[in-house]
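Have a look at the structure below, then the notes.
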Amino acid sequence: MLNASLKELSSALARKKISSAELTRLFLDRISKLNGALNAFITIEEEKSLAQARAADQRIAKGGAQPLAGIPVAHKDIFVTKGWLTTCGSKMLSNFVGPYDAHVIGRFNDAGAVILGKTNMDEFAMGSSSETSFYGPVKNPWDEECVPGGSSGGSAAAIAARMAPAATGTDTGGSIRQPAALSGLSGLKPTYGLVSRYGMVAFASSLDQGGPMAKSAEDLAILLNCMAGFDARDSTSIERAAEDYTRDLDQPLAGLRIGVPKEHFGAGLSSDVGKAVEAALAQFEKLGAKRVSINLPNSALSVPAYYVIAPAEASSNLSRFDGVRYGHRAKEYRDLADMYRKTRAEGFGAEVKRRILIGTYVLSHGYYDAYYLKAQKIRRLIADDFLAAFRQCDVIAGPTSPTVAFKIGAKTADPVQMYLNDIYTIPANLAGLPGMSIPCGFGTGNLPVGLHLVGNYFSEAKMLNVAHQYQRATDWHRRVPAGIES
Amino acid sequence: MNWEVVIGIETHTQLSTVSKIFSGAATAFGAEPNTQASAVDLALPGVLPVLNRGAVERAIRFGLAVGATINRRSIFARKNYFYPDLPKGYQISQYETPIVKGGEIRVLTKDGQRIVHLTRAHLEEDAGKSLHEDFQGMSGIDLNRAGTPLLEIVSEPDMRSAEEAVAYAKVLHALVRWIDICDGNMQEGSFRCDANVSVRRPGAPLGTRREIKNLNSFRFLQEAIEYEAKWQIETLEDGGTIEQATVLFDPDTGETRVMRTKEDAHDYRYFPDPDLLPLVLTEKWIEQIKRSMPESLQATRDRMVEVGLSIEQVNQLTTSRGTSTFALSLFANAPREEVPMLANWILGPLGAKLNEENLDIEQSKVSSDQLKALSKRVFDGTVSSTAATTVILPAMWNGEGSADEIIEKRGLKQISDSGAIEKIVDEVLARNAKQVEDYKSGKDKAFNSLVGQVMKATHGKANPAQVNDILKRRLVG
């Protein structure tokens with residue numbers, strides 16, 4: 001059961017081989033056993049989860065339940081969840097109980113899924129290692145001395161250690177795809193606007209996008225069917241007809257043009273990752289795909305542009321955490337300014353403060369044109385690069401992350417090194433394109449390597465088809481971390 | 001040497017939408033604190049703004065009414081600053097690309113017509129309120145007002161006196177009500193003005209301005225500008241300089257005092273709000289709105305000036321569309337010399353009646369045609385204006401019939417036959433020899449007493465002007 005696909009779980013539930021309550025109990029026990037070491041979850045509410053599971057069982061008993069009915073899903077603690085602590089990995093929200101459900105949470109509830117728990121993450125999703133959480137770092141189940149990637153590292157570790165069959169994440173610069181890569185999972189960042197941001201604590205609004213994390217592309221498709229769709233409460237949500245993302249999974253790849261950007265195979269890419277990705281590209285050729293060399297000439301500008309735009313938006317988005325209405329407030333203060341100062345000094349961690357300062361600086365009078373406006377122009381150029389590339393190919397492939405998982409603490413002293421982790425994933429966020437990571441082998445330390453796929457706008461069904469066909473031909477996605485096998 | 005006062009006005013107009021500009025919470029005034037604040041207004045984590053179409057429509061109506069450019073694409077920006085009644089830590093406003101650009105408003109003053117050009121009008125949200133009393137050393141925050149839609153209307157520095165500024169504000173106030181975008185309630189803060197004031201020698205470049213914030217009555221606007229201009233002139237004449245500043249007007253002292261200077265001005269770090277897409281307007285929608293617009297206020301004002309009304313009468317008769325419609329129908333086909341009197345019927349007796357019963361003019365129990373018939377009887381001397389005001393109008397109001405019917409029924413016809421009046425005057429003089437003596441020995445009061453006697457003898461129906469004339473002639477003769 002712990003290794004079962006969502007389809008298998010759904011079928012087992014439908015055929016009464018197991019009840020949702022039993023399945024939920026199974027994963028809760030698994031969490032009790034492993035979470036102490038891995039720190040993947042911030043909040044577990046067994047009674048709440050089990051009550052939902054029992055309700056799902058009644059629904060299943062009536063027949064005709066939806067594919068996710070009764071299946072426990074872990075949610076990144078960035079999604080506001082009614083009645084659940086929603087911390088965003090921060091001391092600032094360490095006392096904040098959600099008064100409403102995020103759109104994504106509501107969708108899963110409506111589908112009859114069970115909230116298994118709230119997963120750990122980099123504070124306010126700012127980080128690539130899940131080390132900046134107020135609740136302590138998350139460990140990588142493949143090697144507990146290593147990071148699982150971030151910021152959705154709790155969700156990644158939960159699935160990798162089989163503490164959850166599936167999870168949600170959010171991706172602003174790679175926060176779904178990079179932890180999926182470093183933890184041997186499949187993760188999808190949809191086209192910007194496909195999944196409503198309502199109830200997702202905002203980091204950088206023009207880049208944030210929620211998406212699924214799971215063991216396989218097929219599972220991702222089932223999860224995306226639940227998460228995607230127009231929501232009038234999010235003005236950037238896109239109104240378009242609903243799709244079945246599983247519909248093209250079984251299409252053959254013959255004739256598929258895979259674009260390989262030269263810029264993503266240069267200096268900075270470690271050889272073990274490069275080798276695994278090359279092997280994956282060869283595998284695609286075996287499956288009938290054609291390899292096309294493409295250029296993304298402005299790729300190198302993506303990290304600096306991102307580290308202007310994302311902190312700028314964050315500096316404004318995080319202003320609401322002021323100690324006035326909710327969340328942490330300093331115990332003693334002299335006056336209003338002192339209350340703000342102490343509350344925010346105590347409530348935010350170092351990385352969050354760093355980004356607020358960068359963001360405040362780049363938006364300041366006299367610097368706006370040189371930084372923010374310039375970065376927006378670069379953003380346009382990067383999007384144009386992709387549009388040109390998609391005239392030559394159907395999907396773009398490369399490495400998700402330059403290296404396999406690194407040691408906890410290895411990059412905390414050097415933010416720029418940390419930021420460069422997302423060099424291959426950030427362009428898709430800047431362009432608003434869908435991106436995906438799937439396991440494609442192992443590198444140094446027998447740690448997982450991720451293959452990065454980028455598709456054109458709203459081409460999720462095609463990307464999932466590409467990934468699924470690869471996963472039918474390979475078994476990297478079925479590997480389980482040694483030592484934690486059940 | 002002379003000084004020239006230069007004034008520009010920024011007006012925060014609260015738009016009359018039922019719900020807030022970015023949330024579904026109600027905008028009604030006067031509710032219990034924080035009962036009209038939704039998750040969006042409280043800026044809970046994860047919430048997002050959704051633009052209220054009604055607010056946009058009202059901004060477009062304004063733009064069309066002042067002949068402005070309606071920007072087909074405008075941008076919402078975030079104005080960042082910390083304050084407890086600003087829940088998000090930023091205000092959503094329009095900065096570089098507002099929805100309305102340009103336009104003009106024509107203002108009449110004693111010195112004639114002045115055109116006040118508008119710089120722009122943009123949509124934004126209001127902040128909440130900080131309550132500093134009754135909380136034992138702490139402050140209370142009421143977020144009911146947070147997110148209320150505002151249209152900030154910015155004029156060019158085109159006004160040259162407090163009188164002109166007030167005239168502008170009054171026309172603007174009438175206009176926003178005329179086109180149904182604002183209830184105009186100044187006590188409740190629905191229409192608040194900031195005045196930018198500077199002084200200079202005629203022909204010199206603009207002087208340094210100081211901005212007087214939050215003036216919520218025309219009287220305060222006038223007093224504040226007068227004080228501020230005088231203060232600036234005195235300061236300069238004493239050899240001082242003006243420092244750019246934001247000031248507050250204290251109605252109790254009649255003085256302005258500095259709130260903050262340029263040095264402690266905020267850097268608001270404006271940038272486009274990534275939660276809201278650019279506001280794109282379709283031609284079709286603008287056309288629809290255009291078709292739903294009432295006749296222009298300016299055209300109505302022009303018509304009233306043409307028929308010979310004073311500025312003050314024009315201002316008063318255009319405070320609402322109902323009043324002006326009533327007035328114009330009253331003036332229709334009326335001889336020019338009767339128009340001022342007809343106007344006074346609305347502003348005087350009818351207005352008093354409406355006020356008394358708290359009715360809008362649309363609900364008047366006397367129609368404009370009925371009123372016109374009554375006015376005609378005063379004008380042609382059939383009845384005295386006193387009888388018309390105190391007896392006939394109330395009777396018409398109560399549905400007792402037309403003016404002529406009531407005059408007939410109650411026998412109110414004025415005696416204008418000089419022969420008849422002369423006869424009565426002679427009788428009165430014969431009966432009151434003492435008063436005649438008194439008058440002749442210089443006691444003017446006696447004359448009034450004699451007039452009174454004549455009126456009494458005719459049951460108030462004698463034409464008072466004629467009575468005066470005849471009495472005077474008889475007493476002199």
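Just so we're on the same page: first chain in the structure tokens is A, next is B, and so on; residues restart at 1 for each chain, and ligands are numbered from 1 in the order they show up.
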Chain A contacts to chain B at 6 Å (only C-alpha atoms) as a ChimeraX atom specification
/A:198-202,205-206,235,319-320,363-364
Output of the above residues as a PDB file, in the first residue's frame, restricted to C-alpha atoms:
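What landed in out_14.pdb:
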```pdb
ATOM      1  CA  TYR A 198      -6.364  31.964  -3.430  1.00  0.00           C
ATOM      2  CA  GLY A 199      -5.359  30.920   0.062  1.00  0.00           C
ATOM      3  CA  MET A 200      -1.731  30.284  -0.832  1.00  0.00           C
ATOM      4  CA  VAL A 201       0.352  32.566   1.371  1.00  0.00           C
ATOM      5  CA  ALA A 202       1.955  34.865  -1.187  1.00  0.00           C
ATOM      6  CA  SER A 205       2.613  36.791  -6.675  1.00  0.00           C
ATOM      7  CA  SER A 206       3.600  36.951 -10.344  1.00  0.00           C
ATOM      8  CA  SER A 235      -7.700  37.655 -10.748  1.00  0.00           C
ATOM      9  CA  SER A 319       4.138  43.806   4.895  1.00  0.00           C
ATOM     10  CA  ARG A 320       0.855  42.461   6.233  1.00  0.00           C
ATOM     11  CA  LEU A 363      11.782  49.330  -5.350  1.00  0.00           C
ATOM     12  CA  SER A 364      13.190  52.435  -3.714  1.00  0.00           C
TER      13      SER A 364
END
```
Skip Ser129 in chain A itself and residues of its chain fewer than 3 positions away, then list as a ChimeraX atom specification all residues within 12 Å of it, counting only C-alpha atoms.
/A:120-123,125-126,132-133,136-140,146-154,156-157,174-176,178-183,351,401,404-412,415,417-422
Hey, can you spit out that residue selection with C-alpha atoms as a PDB file, in the first residue's frame?
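Output saved as out-v9.pdb:
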```pdb
ATOM      1  CA  ASN A 120       7.466  21.644   6.495  1.00  0.00           C
ATOM      2  CA  MET A 121       8.995  24.176   4.138  1.00  0.00           C
ATOM      3  CA  ASP A 122      11.465  27.001   3.826  1.00  0.00           C
ATOM      4  CA  GLU A 123      10.117  30.017   5.684  1.00  0.00           C
ATOM      5  CA  ALA A 125       8.867  29.438   0.643  1.00  0.00           C
ATOM      6  CA  MET A 126      12.152  31.332   0.526  1.00  0.00           C
ATOM      7  CA  THR A 132      15.143  28.129   6.678  1.00  0.00           C
ATOM      8  CA  SER A 133      12.017  26.812   8.408  1.00  0.00           C
ATOM      9  CA  GLY A 136      13.979  23.183  11.737  1.00  0.00           C
ATOM     10  CA  PRO A 137      15.443  21.621   8.602  1.00  0.00           C
ATOM     11  CA  VAL A 138      13.854  18.746   6.717  1.00  0.00           C
ATOM     12  CA  LYS A 139      16.072  15.692   6.095  1.00  0.00           C
ATOM     13  CA  ASN A 140      16.355  13.904   2.792  1.00  0.00           C
ATOM     14  CA  CYS A 146      21.397  15.933   3.022  1.00  0.00           C
ATOM     15  CA  VAL A 147      18.698  18.446   2.259  1.00  0.00           C
ATOM     16  CA  PRO A 148      15.585  17.292   0.381  1.00  0.00           C
ATOM     17  CA  GLY A 149      15.565  20.483  -1.680  1.00  0.00           C
ATOM     18  CA  GLY A 150      13.128  23.301  -1.167  1.00  0.00           C
ATOM     19  CA  SER A 151      11.051  25.080  -0.518  1.00  0.00           C
ATOM     20  CA  SER A 152       8.517  22.220  -0.735  1.00  0.00           C
ATOM     21  CA  GLY A 153      11.026  19.910   0.979  1.00  0.00           C
ATOM     22  CA  GLY A 154       8.570  18.633   3.584  1.00  0.00           C
ATOM     23  CA  ALA A 156       9.066  15.849  -0.994  1.00  0.00           C
ATOM     24  CA  ALA A 157      10.480  14.050   2.047  1.00  0.00           C
ATOM     25  CA  GLY A 174      11.700  25.803  -8.601  1.00  0.00           C
ATOM     26  CA  SER A 175      10.217  24.956  -5.202  1.00  0.00           C
ATOM     27  CA  ILE A 176       8.292  21.925  -6.512  1.00  0.00           C
ATOM     28  CA  GLN A 178      14.012  21.033  -7.342  1.00  0.00           C
ATOM     29  CA  PRO A 179      12.905  19.090  -4.221  1.00  0.00           C
ATOM     30  CA  ALA A 180      11.234  16.538  -6.533  1.00  0.00           C
ATOM     31  CA  ALA A 181      14.587  16.130  -8.280  1.00  0.00           C
ATOM     32  CA  LEU A 182      16.625  15.938  -5.070  1.00  0.00           C
ATOM     33  CA  SER A 183      14.191  13.477  -3.488  1.00  0.00           C
ATOM     34  CA  GLU A 351      16.661  34.627   4.718  1.00  0.00           C
ATOM     35  CA  SER A 401      19.212  21.077 -10.633  1.00  0.00           C
ATOM     36  CA  VAL A 404      22.270  16.096  -6.485  1.00  0.00           C
ATOM     37  CA  ALA A 405      21.183  16.797  -2.906  1.00  0.00           C
ATOM     38  CA  PHE A 406      23.847  18.609  -0.895  1.00  0.00           C
ATOM     39  CA  LYS A 407      24.720  18.356   2.762  1.00  0.00           C
ATOM     40  CA  ILE A 408      22.635  20.228   5.310  1.00  0.00           C
ATOM     41  CA  GLY A 409      24.461  23.466   6.113  1.00  0.00           C
ATOM     42  CA  ALA A 410      26.710  23.287   3.048  1.00  0.00           C
ATOM     43  CA  LYS A 411      25.270  26.380   1.381  1.00  0.00           C
ATOM     44  CA  THR A 412      23.617  28.291   4.182  1.00  0.00           C
ATOM     45  CA  PRO A 415      23.211  32.702  -0.433  1.00  0.00           C
ATOM     46  CA  GLN A 417      25.468  29.458  -4.191  1.00  0.00           C
ATOM     47  CA  MET A 418      22.071  28.550  -2.780  1.00  0.00           C
ATOM     48  CA  TYR A 419      20.286  30.729  -5.347  1.00  0.00           C
ATOM     49  CA  LEU A 420      22.179  29.108  -8.226  1.00  0.00           C
ATOM     50  CA  ASN A 421      20.453  25.836  -7.395  1.00  0.00           C
ATOM     51  CA  ASP A 422      17.418  27.129  -9.222  1.00  0.00           C
TER      52      ASP A 422
END
```
Give me the residues near range 5-20 of chain A as a PyMOL selection string, where near means some atom within 10 Å (using only C-alpha atoms) and where sequence neighbours in that chain fewer than 6 positions away do not count.
chain A and resi 26+50+52-58+60-61+63-72+113-114+165-166+214-216+218-220+222-223
Let's see if you can do this: from backbone DSSP, list all strand (DSSP E or B) residues in range 234-405 of chain A, as an NGL selection string.
:A and (257-261 or 290-294 or 395-399)
What is the distance, in Å and to one decimal place, between CA of Leu301 in chain A and CA of Pro427 in chain A?
9.0 Å
Do you know which residues are at most 6 Å from range 370-384 of chain B counting only C-alpha atoms, after dropping those on the same chain fewer than 5 positions away, and could you put them as a ChimeraX atom specification?
/B:403,413-414
Would you return as a PyMOL selection string the members of range 100-286 of chain B that DSSP assigns to helix (DSSP H, G or I) on this structure's backbone?
chain B and resi 162-178+218-237+262-264+283-286
Deliver the residues from the most recent selection as a file, using C-alpha atoms, as an mmCIF file, in the first residue's frame.
```cif
data_model
loop_
_atom_site.group_PDB
_atom_site.id
_atom_site.type_symbol
_atom_site.label_atom_id
_atom_site.label_comp_id
_atom_site.auth_asym_id
_atom_site.auth_seq_id
_atom_site.Cartn_x
_atom_site.Cartn_y
_atom_site.Cartn_z
ATOM 1 C CA ALA B 162 -10.324 80.574 -2.282
ATOM 2 C CA GLU B 163 -13.595 81.613 -3.864
ATOM 3 C CA GLU B 164 -12.671 79.919 -7.134
ATOM 4 C CA ALA B 165 -11.505 76.816 -5.302
ATOM 5 C CA VAL B 166 -14.823 76.586 -3.507
ATOM 6 C CA ALA B 167 -16.703 77.205 -6.738
ATOM 7 C CA TYR B 168 -14.738 74.347 -8.340
ATOM 8 C CA ALA B 169 -15.381 72.040 -5.412
ATOM 9 C CA LYS B 170 -19.085 72.848 -5.537
ATOM 10 C CA VAL B 171 -19.385 72.107 -9.240
ATOM 11 C CA LEU B 172 -17.408 68.899 -8.791
ATOM 12 C CA HIS B 173 -19.600 67.935 -5.862
ATOM 13 C CA ALA B 174 -22.732 68.565 -7.926
ATOM 14 C CA LEU B 175 -21.244 66.651 -10.843
ATOM 15 C CA VAL B 176 -20.414 63.431 -8.974
ATOM 16 C CA ARG B 177 -23.959 63.353 -7.651
ATOM 17 C CA TRP B 178 -25.366 64.350 -11.035
ATOM 18 C CA PHE B 218 -16.773 74.042 1.614
ATOM 19 C CA ARG B 219 -16.457 76.507 4.487
ATOM 20 C CA PHE B 220 -13.298 74.825 5.799
ATOM 21 C CA LEU B 221 -11.923 74.743 2.264
ATOM 22 C CA GLN B 222 -12.474 78.484 1.955
ATOM 23 C CA GLU B 223 -11.138 79.368 5.415
ATOM 24 C CA ALA B 224 -8.128 77.069 5.151
ATOM 25 C CA ILE B 225 -7.041 78.446 1.780
ATOM 26 C CA GLU B 226 -7.562 82.046 2.880
ATOM 27 C CA TYR B 227 -5.515 81.503 6.018
ATOM 28 C CA GLU B 228 -2.810 79.555 4.210
ATOM 29 C CA ALA B 229 -2.439 82.117 1.399
ATOM 30 C CA LYS B 230 -2.273 84.968 3.892
ATOM 31 C CA TRP B 231 0.288 83.102 5.975
ATOM 32 C CA GLN B 232 2.463 82.370 2.940
ATOM 33 C CA ILE B 233 2.325 85.994 1.744
ATOM 34 C CA GLU B 234 3.215 87.316 5.198
ATOM 35 C CA THR B 235 6.030 84.808 5.540
ATOM 36 C CA LEU B 236 7.506 85.829 2.189
ATOM 37 C CA GLU B 237 7.053 89.518 2.853
ATOM 38 C CA LYS B 262 9.365 66.987 2.552
ATOM 39 C CA GLU B 263 12.233 65.512 4.563
ATOM 40 C CA ASP B 264 10.053 62.998 6.332
ATOM 41 C CA GLU B 283 -15.049 50.079 -26.604
ATOM 42 C CA LYS B 284 -18.375 48.307 -26.307
ATOM 43 C CA TRP B 285 -18.561 48.831 -22.563
ATOM 44 C CA ILE B 286 -17.560 52.474 -22.800
#
```
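Shortest atom-to-atom contact with Asn295 in chain A among A:Asp384, A:Glu47, A:Glu22, A:Asp77: A:Asp384, counting only C-alpha atoms.
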I'd like the contact shell of Thr35 in chain B - 12 Å cut-off, only C-alpha atoms, skipping same-chain residues fewer than 6 positions apart - returned as a compact mmCIF listing (two decimals) with C-alpha atoms, in the first residue's frame.
```txt
# COMPACT_ATOMS: atom_id res chain seq x y z
CA ALA B 25 -17.93 43.34 1.98
CA ALA B 26 -20.56 46.08 2.26
CA THR B 27 -19.60 49.76 2.10
CA ALA B 28 -22.54 51.11 4.17
CA PHE B 29 -21.60 53.85 6.62
CA ASP B 41 -10.16 43.60 3.95
CA LEU B 42 -8.38 42.14 6.98
CA ILE B 141 -8.72 49.91 14.55
CA ASP B 142 -11.95 49.86 12.57
CA LEU B 143 -11.54 48.28 9.16
CA ASN B 144 -15.10 48.84 7.94
CA ARG B 145 -13.89 51.63 5.68
CA ALA B 146 -10.83 49.69 4.47
```
How far is it from CA of Cys193 in chain B to CA of Leu150 in chain B, in Å with one decimal?
12.4 Å
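Atom pair CA of Leu279 in chain B / CA of Ala232 in chain A: separated by 15.6 Å.
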